[in-house]
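Containing mmCIF, C-alpha atoms and all ligand atoms: my_file01.cif.
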data_coords
#
loop_
_atom_site.label_atom_id
_atom_site.label_comp_id
_atom_site.auth_asym_id
_atom_site.auth_seq_id
_atom_site.Cartn_x
_atom_site.Cartn_y
_atom_site.Cartn_z
CA MET A 1 -24.68 25.79 34.03
CA SER A 2 -22.94 22.57 35.06
CA ASP A 3 -19.31 21.86 34.21
CA GLY A 4 -20.46 19.06 31.96
CA MET A 5 -22.59 21.42 29.90
CA LEU A 6 -19.77 23.89 29.68
CA GLN A 7 -17.45 21.14 28.48
CA SER A 8 -19.76 19.96 25.79
CA ASN A 9 -20.30 23.54 24.67
CA VAL A 10 -16.55 24.02 24.45
CA THR A 11 -16.27 20.81 22.47
CA ARG A 12 -19.12 21.68 20.14
CA ARG A 13 -17.84 25.17 19.56
CA GLY A 14 -14.17 24.21 19.48
CA ASN A 15 -11.32 26.48 18.49
CA ILE A 16 -11.12 24.90 15.09
CA SER A 17 -14.14 25.14 12.80
CA GLN A 18 -16.35 22.12 12.24
CA ARG A 19 -15.57 22.43 8.57
CA ILE A 20 -11.85 21.91 9.13
CA GLN A 21 -12.36 19.33 11.87
CA SER A 22 -14.43 17.19 9.56
CA MET A 23 -11.62 17.06 6.99
CA SER A 24 -9.12 14.25 7.36
CA SER A 25 -5.42 15.11 7.17
CA SER A 26 -3.72 14.02 3.99
CA GLY A 27 -2.85 10.30 4.15
CA ILE A 28 0.39 11.17 2.44
CA ARG A 29 1.54 13.59 5.10
CA ARG A 30 1.44 11.02 7.90
CA PHE A 31 3.72 8.88 5.84
CA PHE A 32 6.25 11.57 5.20
CA ASP A 33 6.41 12.33 8.89
CA ILE A 34 7.55 8.76 9.58
CA LEU A 35 9.93 8.85 6.66
CA GLU A 36 11.71 12.01 7.81
CA SER A 37 13.00 10.25 10.90
CA MET A 38 14.57 7.34 8.98
CA GLU A 39 17.88 6.90 7.19
CA ASN A 40 18.79 5.14 3.95
CA VAL A 41 15.25 5.39 2.64
CA ILE A 42 14.58 5.41 -1.11
CA SER A 43 11.53 7.55 -1.55
CA LEU A 44 9.11 6.82 -4.35
CA GLY A 45 6.64 8.74 -2.24
CA VAL A 46 6.79 12.43 -3.02
CA GLY A 47 5.25 13.51 -6.32
CA GLN A 48 7.90 15.88 -7.50
CA PRO A 49 10.68 15.87 -10.10
CA ASP A 50 14.16 14.96 -8.89
CA PHE A 51 15.53 17.41 -11.47
CA VAL A 52 16.58 20.85 -10.37
CA THR A 53 14.83 23.65 -12.30
CA PRO A 54 16.64 24.13 -15.67
CA ALA A 55 19.48 26.70 -15.58
CA GLY A 56 17.89 29.09 -18.09
CA ILE A 57 14.83 29.43 -15.87
CA ARG A 58 16.89 29.94 -12.73
CA ASN A 59 18.99 32.60 -14.48
CA ALA A 60 15.90 34.47 -15.66
CA ALA A 61 14.72 34.57 -12.06
CA ILE A 62 18.08 35.90 -10.85
CA LYS A 63 17.97 38.56 -13.57
CA SER A 64 14.48 39.63 -12.54
CA ILE A 65 15.67 40.11 -8.96
CA GLU A 66 18.77 42.01 -10.07
CA GLU A 67 16.60 44.30 -12.14
CA GLY A 68 14.60 45.07 -9.03
CA ARG A 69 11.32 43.42 -10.00
CA THR A 70 10.32 42.89 -6.43
CA TYR A 71 6.82 44.37 -6.43
CA TYR A 72 3.34 42.91 -6.58
CA THR A 73 2.25 42.32 -10.13
CA SER A 74 -1.21 42.83 -11.60
CA ASN A 75 -3.70 40.57 -9.79
CA TYR A 76 -3.94 38.68 -13.07
CA GLY A 77 -0.17 38.18 -13.30
CA ILE A 78 2.34 39.84 -15.63
CA ILE A 79 0.85 40.30 -19.08
CA GLU A 80 3.91 38.79 -20.80
CA LEU A 81 3.34 35.53 -18.96
CA ARG A 82 -0.38 35.50 -19.71
CA GLN A 83 0.41 36.09 -23.39
CA ALA A 84 2.94 33.25 -23.36
CA ILE A 85 0.43 30.91 -21.65
CA SER A 86 -2.16 31.84 -24.26
CA ARG A 87 0.25 31.19 -27.17
CA ASN A 88 1.31 27.89 -25.59
CA LEU A 89 -2.27 26.62 -25.22
CA GLU A 90 -3.05 27.65 -28.78
CA ARG A 91 0.10 25.99 -30.14
CA LEU A 92 -0.39 22.74 -28.25
CA TYR A 93 -4.17 22.32 -28.21
CA GLY A 94 -5.65 24.88 -30.60
CA VAL A 95 -7.67 26.66 -27.88
CA TYR A 96 -7.43 30.42 -27.60
CA TYR A 97 -7.68 32.34 -24.32
CA GLU A 98 -7.60 36.13 -24.30
CA PRO A 99 -4.56 37.09 -22.17
CA ALA A 100 -6.18 40.25 -20.78
CA THR A 101 -9.41 38.71 -19.49
CA GLU A 102 -9.33 34.93 -19.59
CA ILE A 103 -6.19 33.93 -17.69
CA ILE A 104 -5.16 34.36 -14.04
CA VAL A 105 -1.66 33.44 -12.91
CA THR A 106 -1.92 31.63 -9.56
CA THR A 107 0.31 30.48 -6.75
CA GLY A 108 0.50 27.00 -8.17
CA VAL A 109 -2.38 24.85 -9.35
CA SER A 110 -3.06 24.32 -5.65
CA GLU A 111 -4.32 27.87 -5.29
CA GLY A 112 -6.18 27.53 -8.58
CA GLN A 113 -8.10 24.52 -7.30
CA GLY A 114 -9.17 26.37 -4.19
CA ILE A 115 -10.28 29.63 -5.76
CA VAL A 116 -12.10 27.90 -8.60
CA MET A 117 -14.21 25.94 -6.10
CA GLU A 118 -14.79 29.07 -4.00
CA ALA A 119 -16.01 30.87 -7.09
CA LEU A 120 -18.19 28.07 -8.49
CA LEU A 121 -19.92 26.46 -5.55
CA ASP A 122 -22.82 27.44 -3.38
CA ILE A 123 -23.33 25.48 -0.16
CA GLY A 124 -24.34 21.93 -1.01
CA ASP A 125 -23.45 22.05 -4.71
CA GLU A 126 -22.13 18.70 -5.85
CA VAL A 127 -18.90 17.99 -7.71
CA LEU A 128 -18.37 14.65 -9.44
CA CYS A 129 -14.82 13.33 -9.47
CA PRO A 130 -13.21 10.08 -10.66
CA ASP A 131 -11.91 7.96 -7.77
CA PRO A 132 -8.92 7.53 -7.17
CA TYR A 133 -8.29 11.28 -7.07
CA TYR A 134 -5.57 13.75 -6.10
CA VAL A 135 -5.73 14.29 -2.33
CA ALA A 136 -6.56 17.99 -2.51
CA TYR A 137 -9.73 17.60 -4.59
CA PRO A 138 -12.16 16.58 -1.80
CA ALA A 139 -10.57 19.15 0.49
CA VAL A 140 -11.01 22.13 -1.82
CA VAL A 141 -14.62 21.12 -2.47
CA ALA A 142 -15.26 20.81 1.27
CA LEU A 143 -13.60 24.16 2.02
CA ALA A 144 -15.98 25.76 -0.47
CA GLU A 145 -18.83 23.95 1.35
CA GLY A 146 -19.63 21.80 -1.66
CA VAL A 147 -20.26 18.07 -1.68
CA PHE A 148 -17.61 15.83 -3.19
CA VAL A 149 -19.08 12.87 -5.09
CA PRO A 150 -16.52 10.17 -5.98
CA VAL A 151 -17.17 8.27 -9.20
CA PRO A 152 -15.53 4.83 -9.25
CA THR A 153 -12.91 3.82 -11.79
CA CYS A 154 -10.91 0.61 -11.87
CA VAL A 155 -7.82 -1.00 -13.30
CA ASP A 156 -9.83 -3.16 -15.71
CA ASN A 157 -10.78 0.06 -17.47
CA ASP A 158 -7.29 1.58 -17.07
CA PHE A 159 -8.71 3.95 -14.43
CA LYS A 160 -10.66 5.95 -17.02
CA VAL A 161 -14.00 7.38 -15.92
CA SER A 162 -17.06 6.40 -17.95
CA ALA A 163 -19.78 8.79 -19.04
CA ALA A 164 -22.43 6.36 -17.77
CA ASP A 165 -20.91 6.26 -14.26
CA LEU A 166 -20.83 10.05 -14.18
CA GLU A 167 -24.37 10.44 -15.49
CA GLU A 168 -25.77 8.00 -12.94
CA ARG A 169 -24.66 10.31 -10.12
CA ILE A 170 -26.00 13.58 -11.48
CA THR A 171 -28.62 15.31 -9.34
CA PRO A 172 -30.22 18.77 -9.56
CA ARG A 173 -27.38 19.96 -7.28
CA THR A 174 -24.53 18.78 -9.53
CA LYS A 175 -22.51 21.78 -10.61
CA ALA A 176 -19.27 20.41 -12.04
CA ILE A 177 -17.16 17.46 -13.02
CA PHE A 178 -13.61 17.64 -11.63
CA LEU A 179 -11.17 15.83 -13.91
CA GLY A 180 -7.46 15.32 -13.39
CA TYR A 181 -5.89 13.57 -16.37
CA PRO A 182 -3.09 12.54 -16.68
CA SER A 183 -3.92 11.24 -13.24
CA ASN A 184 -2.23 11.50 -9.92
CA PRO A 185 -2.15 8.77 -8.50
CA THR A 186 -2.78 6.25 -11.30
CA GLY A 187 -0.94 7.70 -14.30
CA ALA A 188 -4.10 7.10 -16.36
CA VAL A 189 -4.76 9.23 -19.42
CA MET A 190 -8.11 9.99 -21.03
CA GLU A 191 -7.64 10.30 -24.78
CA ARG A 192 -9.90 12.30 -27.08
CA ASP A 193 -12.26 9.39 -27.74
CA ASP A 194 -12.54 8.70 -24.00
CA LEU A 195 -13.31 12.34 -23.25
CA LEU A 196 -15.90 12.97 -25.96
CA PRO A 197 -18.72 11.09 -24.15
CA VAL A 198 -17.81 12.85 -20.88
CA ALA A 199 -18.06 16.18 -22.69
CA ASP A 200 -21.48 15.10 -24.01
CA VAL A 201 -22.64 14.51 -20.43
CA ALA A 202 -21.35 17.93 -19.34
CA ARG A 203 -23.17 19.67 -22.19
CA LYS A 204 -26.37 17.68 -21.80
CA HIS A 205 -26.64 18.46 -18.08
CA ASN A 206 -25.20 21.96 -18.29
CA LEU A 207 -22.21 21.23 -16.04
CA PHE A 208 -18.81 22.85 -15.78
CA VAL A 209 -15.71 20.72 -16.17
CA VAL A 210 -12.84 21.75 -13.93
CA SER A 211 -9.86 20.15 -15.62
CA ASP A 212 -6.55 19.91 -13.76
CA GLU A 213 -4.05 19.44 -16.56
CA ILE A 214 -0.88 20.00 -14.59
CA TYR A 215 0.62 16.82 -16.11
CA ASP A 216 -0.33 17.69 -19.70
CA ARG A 217 3.25 17.57 -20.96
CA LEU A 218 4.08 14.30 -19.24
CA VAL A 219 2.56 11.77 -21.63
CA TYR A 220 4.22 8.75 -23.18
CA GLY A 221 3.28 7.50 -26.63
CA VAL A 222 -0.14 9.22 -26.52
CA LYS A 223 -1.33 12.75 -27.19
CA HIS A 224 -2.70 14.83 -24.35
CA THR A 225 -6.21 16.10 -25.05
CA CYS A 226 -7.11 19.42 -23.50
CA VAL A 227 -10.76 19.23 -22.41
CA ALA A 228 -11.38 22.82 -23.55
CA SER A 229 -10.43 21.83 -27.11
CA LEU A 230 -13.40 19.46 -27.48
CA PRO A 231 -16.47 20.71 -29.39
CA GLY A 232 -18.55 23.11 -27.32
CA MET A 233 -16.33 22.70 -24.24
CA ARG A 234 -14.31 25.90 -24.13
CA GLU A 235 -17.28 27.75 -22.68
CA ARG A 236 -17.82 25.28 -19.85
CA THR A 237 -14.25 24.26 -19.03
CA ILE A 238 -12.16 25.79 -16.31
CA LEU A 239 -8.63 24.82 -17.13
CA LEU A 240 -5.94 24.51 -14.47
CA GLY A 241 -2.36 24.42 -15.67
CA GLY A 242 1.04 24.77 -14.11
CA PHE A 243 4.79 24.64 -14.19
CA SER A 244 5.66 22.46 -11.18
CA LYS A 245 5.90 19.16 -13.01
CA ALA A 246 6.95 19.69 -16.63
CA TYR A 247 9.47 22.44 -15.80
CA ALA A 248 10.62 20.95 -12.48
CA MET A 249 9.43 24.06 -10.63
CA THR A 250 7.55 22.74 -7.58
CA GLY A 251 9.14 25.22 -5.18
CA TRP A 252 8.44 28.31 -7.28
CA ARG A 253 4.66 28.17 -6.77
CA VAL A 254 3.26 29.24 -10.08
CA GLY A 255 0.33 28.01 -12.16
CA TYR A 256 -2.70 29.43 -13.92
CA VAL A 257 -6.45 29.25 -14.45
CA ALA A 258 -7.91 29.77 -17.93
CA ALA A 259 -11.64 30.14 -18.54
CA ARG A 260 -14.16 32.43 -20.22
CA ALA A 261 -14.07 36.03 -19.01
CA ASP A 262 -17.16 36.10 -16.77
CA ILE A 263 -15.94 33.02 -14.89
CA ILE A 264 -12.44 34.45 -14.55
CA GLU A 265 -13.95 37.62 -13.13
CA GLY A 266 -15.57 35.57 -10.36
CA ILE A 267 -12.42 33.58 -9.67
CA MET A 268 -10.46 36.83 -9.56
CA LYS A 269 -12.44 37.99 -6.53
CA ALA A 270 -11.29 34.99 -4.56
CA HIS A 271 -7.72 35.32 -5.89
CA GLN A 272 -7.23 38.99 -5.12
CA TYR A 273 -8.26 38.63 -1.49
CA VAL A 274 -6.37 35.46 -0.64
CA MET A 275 -3.25 35.91 -2.77
CA MET A 276 -3.11 39.36 -4.35
CA SER A 277 -0.70 38.11 -7.01
CA ALA A 278 1.52 35.09 -7.66
CA PRO A 279 5.21 35.46 -6.69
CA THR A 280 6.81 37.97 -9.04
CA VAL A 281 10.15 36.19 -9.44
CA ALA A 282 8.39 32.92 -10.14
CA GLN A 283 6.33 34.57 -12.86
CA TYR A 284 9.46 35.73 -14.71
CA ALA A 285 10.94 32.26 -14.26
CA ALA A 286 7.83 30.60 -15.69
CA LEU A 287 7.86 33.03 -18.61
CA GLU A 288 11.40 31.94 -19.45
CA GLY A 289 10.28 28.31 -19.26
CA LEU A 290 7.55 28.92 -21.82
CA LEU A 291 9.78 31.00 -24.11
CA ASN A 292 12.92 28.85 -24.09
CA GLY A 293 12.35 25.72 -22.02
CA GLU A 294 10.96 23.33 -24.61
CA GLU A 295 14.17 21.35 -25.02
CA ASP A 296 14.50 20.94 -21.26
CA VAL A 297 10.92 19.68 -21.00
CA ARG A 298 11.45 17.14 -23.77
CA GLY A 299 14.68 15.93 -22.20
CA MET A 300 13.02 15.34 -18.83
CA VAL A 301 9.99 13.65 -20.39
CA ALA A 302 12.27 11.25 -22.31
CA GLU A 303 14.06 10.37 -19.07
CA TYR A 304 10.75 9.83 -17.20
CA ASP A 305 9.69 7.51 -19.99
CA ARG A 306 12.85 5.39 -19.55
CA ARG A 307 12.20 5.15 -15.81
CA ARG A 308 8.52 4.43 -16.39
CA ARG A 309 9.37 1.36 -18.43
CA LEU A 310 11.87 0.18 -15.83
CA ILE A 311 9.44 0.45 -12.93
CA VAL A 312 6.35 -0.95 -14.69
CA ASP A 313 8.29 -3.96 -16.03
CA GLY A 314 9.91 -4.40 -12.62
CA PHE A 315 6.58 -4.48 -10.76
CA ASN A 316 4.98 -6.88 -13.23
CA ALA A 317 8.02 -9.19 -13.12
CA MET A 318 7.78 -9.53 -9.33
CA GLY A 319 4.02 -10.21 -9.45
CA LEU A 320 2.70 -6.77 -8.52
CA ARG A 321 0.26 -6.35 -11.39
CA CYS A 322 0.70 -2.90 -12.88
CA PHE A 323 -1.27 -1.47 -15.81
CA GLU A 324 0.69 0.76 -18.16
CA PRO A 325 0.44 4.37 -17.02
CA ARG A 326 0.59 6.65 -20.06
CA GLY A 327 0.97 9.93 -18.20
CA ALA A 328 2.28 11.83 -15.15
CA PHE A 329 5.11 10.08 -13.26
CA TYR A 330 3.36 7.48 -11.15
CA ALA A 331 3.00 3.71 -11.32
CA PHE A 332 0.03 2.23 -9.45
CA PRO A 333 0.59 -1.50 -8.96
CA SER A 334 -1.77 -3.84 -7.17
CA VAL A 335 -0.33 -5.38 -4.00
CA GLY A 336 -2.96 -8.17 -3.93
CA VAL A 337 -0.39 -10.92 -4.41
CA THR A 338 0.96 -10.27 -0.90
CA GLY A 339 -2.41 -10.49 0.83
CA LEU A 340 -1.54 -7.25 2.65
CA SER A 341 -3.73 -4.17 2.63
CA ASP A 342 -2.16 -1.24 0.79
CA GLU A 343 -1.54 0.52 4.10
CA SER A 344 0.19 -2.48 5.70
CA PHE A 345 2.19 -3.04 2.53
CA ALA A 346 3.45 0.54 2.51
CA GLU A 347 4.16 0.59 6.23
CA GLN A 348 5.96 -2.76 6.35
CA LEU A 349 7.90 -2.04 3.16
CA LEU A 350 9.15 1.16 4.72
CA MET A 351 10.14 -0.54 7.98
CA GLU A 352 11.66 -3.69 6.48
CA GLU A 353 13.26 -2.47 3.27
CA ARG A 354 13.32 1.29 3.60
CA VAL A 355 11.39 2.09 0.45
CA ALA A 356 8.61 4.65 0.63
CA VAL A 357 5.49 4.32 -1.51
CA VAL A 358 2.05 5.76 -0.76
CA PRO A 359 -0.97 3.55 0.07
CA GLY A 360 -3.54 3.80 -2.72
CA SER A 361 -6.42 4.26 -0.29
CA ALA A 362 -5.03 7.73 0.53
CA PHE A 363 -6.51 8.66 -2.87
CA GLY A 364 -10.00 7.30 -2.34
CA GLN A 365 -11.74 3.97 -1.94
CA CYS A 366 -10.93 2.82 -5.46
CA GLY A 367 -7.23 3.18 -4.72
CA ALA A 368 -7.38 0.45 -2.07
CA GLY A 369 -5.24 -2.59 -2.82
CA HIS A 370 -2.73 -0.50 -4.78
CA VAL A 371 0.24 1.66 -3.95
CA ARG A 372 1.51 4.76 -5.70
CA ALA A 373 5.17 4.76 -6.68
CA CYS A 374 6.55 7.99 -8.12
CA TYR A 375 9.29 7.39 -10.67
CA ALA A 376 10.55 10.98 -10.75
CA GLN A 377 13.58 9.52 -9.00
CA SER A 378 16.98 8.58 -10.47
CA TYR A 379 17.18 5.43 -12.62
CA GLU A 380 19.74 3.91 -10.26
CA LYS A 381 17.58 4.53 -7.19
CA ILE A 382 14.58 2.99 -8.92
CA GLU A 383 16.69 -0.08 -9.74
CA GLU A 384 17.75 -0.37 -6.10
CA ALA A 385 14.17 0.21 -4.90
CA LEU A 386 12.88 -2.54 -7.19
CA GLU A 387 15.45 -4.94 -5.77
CA ARG A 388 14.32 -4.15 -2.24
CA ILE A 389 10.61 -4.37 -3.11
CA GLY A 390 11.26 -7.68 -4.89
CA ARG A 391 12.81 -9.11 -1.72
CA PHE A 392 9.86 -7.85 0.31
CA VAL A 393 7.29 -9.39 -2.05
CA GLN A 394 9.16 -12.73 -2.00
CA ARG A 395 8.88 -12.80 1.79
CA HIS A 396 5.23 -11.78 1.88
CA ARG A 397 3.80 -13.63 -1.12
CA HIS A 398 0.95 -15.76 0.15
N1 LIG B 401 -2.66 18.89 -9.22
C1 LIG B 401 -2.18 17.64 -9.19
C2 LIG B 401 -2.94 16.56 -9.86
C3 LIG B 401 -0.98 17.36 -8.53
O1 LIG B 401 -0.51 16.11 -8.52
C4 LIG B 401 -0.30 18.40 -7.86
C5 LIG B 401 0.93 18.13 -7.10
O2 LIG B 401 1.29 17.03 -6.81
C6 LIG B 401 -0.84 19.68 -7.90
C7 LIG B 401 -2.01 19.90 -8.59
C8 LIG B 401 -0.17 20.84 -7.21
O3 LIG B 401 0.39 21.67 -8.17
P1 LIG B 401 1.17 23.01 -7.83
O4 LIG B 401 2.56 22.65 -7.44
O5 LIG B 401 1.12 23.77 -9.13
O6 LIG B 401 0.44 23.69 -6.75
#

Go ahead and express the file in the form of structure tokens.
Ligand code: PLP
Amino acid sequence: MSDGMLQSNVTRRGNISQRIQSMSSSGIRRFFDILESMENVISLGVGQPDFVTPAGIRNAAIKSIEEGRTYYTSNYGIIELRQAISRNLERLYGVYYEPATEIIVTTGVSEGQGIVMEALLDIGDEVLCPDPYYVAYPAVVALAEGVFVPVPTCVDNDFKVSAADLEERITPRTKAIFLGYPSNPTGAVMERDDLLPVADVARKHNLFVVSDEIYDRLVYGVKHTCVASLPGMRERTILLGGFSKAYAMTGWRVGYVAARADIIEGIMKAHQYVMMSAPTVAQYAALEGLLNGEEDVRGMVAEYDRRRRLIVDGFNAMGLRCFEPRGAFYAFPSVGVTGLSDESFAEQLLMEERVAVVPGSAFGQCGAGHVRACYAQSYEKIEEALERIGRFVQRHRH
């Protein structure tokens, strides 16, 4: 065997699997690497609350440690938390999940996304997903050896996905529709009337809907609609929910999956082997959030709303056209007025004015020409950031 052949064999059968090699690294990560080495940067980049976890939740966690609750829990999570999740979903959306068999507590929605795809997909099964999308969605589909099928959305339709656009892409291999509303990165919300035709498509073609509702509590002037609450949808919805955003608990790593029992049983197989159980302390913390954290949630949501209005008005005033996001904590303005691509805009803005935003194309083709600005940042910092961005746009307006 010649050296050349050996080389190409080594390349073909590299140390890292083809599956992982074919995945691109998150476009956000590259950005944060640059950012870490700079000073005086105002970051509207990272999608996490600036609030520290409410004191009541932190104290419940401390108490659970002091009481020696340091063991694995049931694979499903502590029953008290599953009961509280069940009551919460029934109170907010009128859907009932049986705590014993229809809910798994996960290590964040991130784990939930992965194990749901592992459980649902056979090799080559297709998953339809509105574009722009959260960066993990194509990755979890690819890791489960499924095929990710982006479905375009656009600002003229407030980044809502249409039933017709979904239906057009259905093939015999389509297994599920992956929704994430309120949306990261656009802040778009799909209200009940928007979701009904999507639910019709799912029922007509016998598809599952995997619905990532991690931002369910962060809505402004509209009501969140839980997909599982729509007629005939509880049976075909796999609901992902979490605590990171509404309770300011990103570092605790706790979320949940709710679905009918036979589906949960399948998901449980993936969960028990990769995770065993979600962090015990975090589970007691999340329980406290559900039992006594409502006032904290409402206080933070009211503050996000104030910042939302500041940033959206600010972008529009400087000529960066920004539709009104009704959920999550992101604004998604167009940078077209500068003539720069979203990547150049984000990179030059960071270098020249030290403000970090994320290029929209990191979230799919339909994000191109926009940037994502997270307003889970203090009001004063957003004001300062807007001043800097305004200066930048003045210089680059073409
Ligand atoms: N889903 C969406 C849409 C998100 O934006 C994020 C985090 O940014 C996650 C899931 C991750 O959630 P968790 O912290 O519960 O893993």

Work out how far atom CA of A:Gly56 is from atom CA of A:Leu44, in Å to one decimal.
->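 Computed distance, atom CA of A:Leu44 to atom CA of A:Gly56, equals 27.6 Å.
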
Quick one: everything within 8 Å of stretch 252-258 of chain A, counting only C-alpha atoms, minus sequence neighbours fewer than 3 positions away in the same chain. Send it as a PyMOL selection string.
-> chain A and resi 97+102-109+112+238-244+249+264+278-279+282-283+286

Neighbour residues at most 9 Å from (-11.8, 21.6, -0.6) (all atoms listed in the file) as a list in words = Met23, Gln113, Gly114, Met117, Glu118, Ala136, Tyr137, Pro138, Ala139, Val140, Val141, Ala142, Leu143, Ala144, Glu145, Gly146 and Phe148 of chain A

Provide an axis-aligned box for all listed atoms of ligand LIG 401 (chain B), padding each side by 5 Å; report its centre and its edge lengths in Å to one decimal, as lines of an AutoDock Vina configuration file.
center_x = -0.2
center_y = 19.9
center_z = -8.3
size_x = 15.5
size_y = 17.7
size_z = 13.1

Contacts of A:Pro99 within 10 Å, all atoms listed in the file, excl. fewer than 5 positions in-chain, as a ChimeraX atom specification | /A:76-87,104,258

Mind writing the picked residues with C-alpha atoms as a PDB file, keeping the file's coordinate frame?
ATOM      1  CA  TYR A  76      -3.940  38.680 -13.070  1.00  0.00           C
ATOM      2  CA  GLY A  77      -0.170  38.180 -13.300  1.00  0.00           C
ATOM      3  CA  ILE A  78       2.340  39.840 -15.630  1.00  0.00           C
ATOM      4  CA  ILE A  79       0.850  40.300 -19.080  1.00  0.00           C
ATOM      5  CA  GLU A  80       3.910  38.790 -20.800  1.00  0.00           C
ATOM      6  CA  LEU A  81       3.340  35.530 -18.960  1.00  0.00           C
ATOM      7  CA  ARG A  82      -0.380  35.500 -19.710  1.00  0.00           C
ATOM      8  CA  GLN A  83       0.410  36.090 -23.390  1.00  0.00           C
ATOM      9  CA  ALA A  84       2.940  33.250 -23.360  1.00  0.00           C
ATOM     10  CA  ILE A  85       0.430  30.910 -21.650  1.00  0.00           C
ATOM     11  CA  SER A  86      -2.160  31.840 -24.260  1.00  0.00           C
ATOM     12  CA  ARG A  87       0.250  31.190 -27.170  1.00  0.00           C
ATOM     13  CA  ILE A 104      -5.160  34.360 -14.040  1.00  0.00           C
ATOM     14  CA  ALA A 258      -7.910  29.770 -17.930  1.00  0.00           C
TER      15      ALA A 258
END

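Atom CA of A:Tyr220 is found 16.3 Å from atom CA of A:Lys160.
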
Contacts of stretch 192-198 of chain A at 10 Å (all atoms listed in the file; same-chain gap of 3+ positions) as a VMD selection string | chain A and resid 160 to 167 177 189 201 to 204 209 223 to 227 229 to 231 233

Atom CA of A:Val337 and atom CA of A:Arg397 are how many Å apart?
-> 6.0 Å

Test item: residues at most 10 Å from A:Cys322, only C-alpha atoms, excluding those fewer than 2 positions along its chain, as a VMD selection string | chain A and resid 155 186 311 to 317 319 to 320 324 to 325 331 to 335 370

Please write as an MDAnalysis selection string the list of polymer residues whose atoms come within 10 Å of (-18.5, 25.6, -19.8), counting only C-alpha atoms and keeping to the coordinates of the file.
-> chainID A and resid 176 199 202:203 206:210 228 232:238 259:260 263

Name the closest residue to A:Gly327 among the candidates A:Gln348, A:Thr250, A:Ser361, A:Ser183; distances are taken between atoms, counting all atoms listed in the file.
-> A:Ser183

Can you pull out the residues contacting A:Val274? Cut-off 10 Å, using only C-alpha atoms, and skip same-chain residues under 6 positions away; I want them as a JSON list (two decimals) with C-alpha atoms, in the coordinates of the input.
[["chain", "number", "residue", "atom", "x", "y", "z"],
["A", 111, "GLU", "CA", -4.32, 27.87, -5.29],
["A", 115, "ILE", "CA", -10.28, 29.63, -5.76],
["A", 268, "MET", "CA", -10.46, 36.83, -9.56]]

Which one of A:Arg395, A:Arg69, A:Arg217, A:His271 sits closest to A:Gly339 if you count only C-alpha atoms?
->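 Ranked by minimum distance to A:Gly339, first place goes to A:Arg395.
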
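Minimum distance to ligand LIG 401 (chain B) across A:Gly14, A:Gly336, A:Gly94, A:Gly45 (counting only C-alpha atoms and all ligand atoms) occurs at A:Gly45.
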
Out of A:Ser344, A:Ser110, A:Thr153, A:Thr338, which residue has the shortest atom-to-atom distance to ligand LIG 401 (chain B) when counting all atoms listed in the file?
->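 Checking each candidate against ligand LIG 401 (chain B), we get A:Ser110 as the closest.
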
Give the answer as one residue: which of A:Pro130, A:Gly180, A:Gly68, A:Pro152 has the shortest atom-to-atom distance to ligand LIG 401 (chain B), using all atoms listed in the file?
-> A:Gly180

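Distance check against A:Ala373 using only C-alpha atoms: of A:Ile16, A:Val116, A:Met190, A:Ile42, the minimum falls on A:Ile42.
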
Can you take the partial stretch 149-158 of chain A, add N, CA and C atoms, and return it as an mmCIF file, in the coordinates of the input?
data_model
loop_
_atom_site.group_PDB
_atom_site.id
_atom_site.type_symbol
_atom_site.label_atom_id
_atom_site.label_comp_id
_atom_site.auth_asym_id
_atom_site.auth_seq_id
_atom_site.Cartn_x
_atom_site.Cartn_y
_atom_site.Cartn_z
ATOM 1 N N VAL A 149 -18.433 14.143 -4.737
ATOM 2 C CA VAL A 149 -19.080 12.870 -5.090
ATOM 3 C C VAL A 149 -18.099 12.012 -5.894
ATOM 4 N N PRO A 150 -17.479 11.006 -5.248
ATOM 5 C CA PRO A 150 -16.520 10.170 -5.980
ATOM 6 C C PRO A 150 -17.227 9.276 -6.998
ATOM 7 N N VAL A 151 -16.623 9.123 -8.146
ATOM 8 C CA VAL A 151 -17.170 8.270 -9.200
ATOM 9 C C VAL A 151 -16.144 7.161 -9.455
ATOM 10 N N PRO A 152 -16.539 5.897 -9.223
ATOM 11 C CA PRO A 152 -15.530 4.830 -9.250
ATOM 12 C C PRO A 152 -14.896 4.604 -10.623
ATOM 13 N N THR A 153 -13.615 4.310 -10.594
ATOM 14 C CA THR A 153 -12.910 3.820 -11.790
ATOM 15 C C THR A 153 -12.102 2.611 -11.337
ATOM 16 N N CYS A 154 -11.662 1.791 -12.294
ATOM 17 C CA CYS A 154 -10.910 0.610 -11.870
ATOM 18 C C CYS A 154 -9.858 0.230 -12.908
ATOM 19 N N VAL A 155 -8.961 -0.627 -12.464
ATOM 20 C CA VAL A 155 -7.820 -1.000 -13.300
ATOM 21 C C VAL A 155 -8.267 -1.703 -14.572
ATOM 22 N N ASP A 156 -9.377 -2.438 -14.516
ATOM 23 C CA ASP A 156 -9.830 -3.160 -15.710
ATOM 24 C C ASP A 156 -10.197 -2.196 -16.833
ATOM 25 N N ASN A 157 -10.491 -0.959 -16.453
ATOM 26 C CA ASN A 157 -10.780 0.060 -17.470
ATOM 27 C C ASN A 157 -9.668 1.106 -17.506
ATOM 28 N N ASP A 158 -8.463 0.690 -17.099
ATOM 29 C CA ASP A 158 -7.290 1.580 -17.070
ATOM 30 C C ASP A 158 -7.560 2.883 -16.308
#
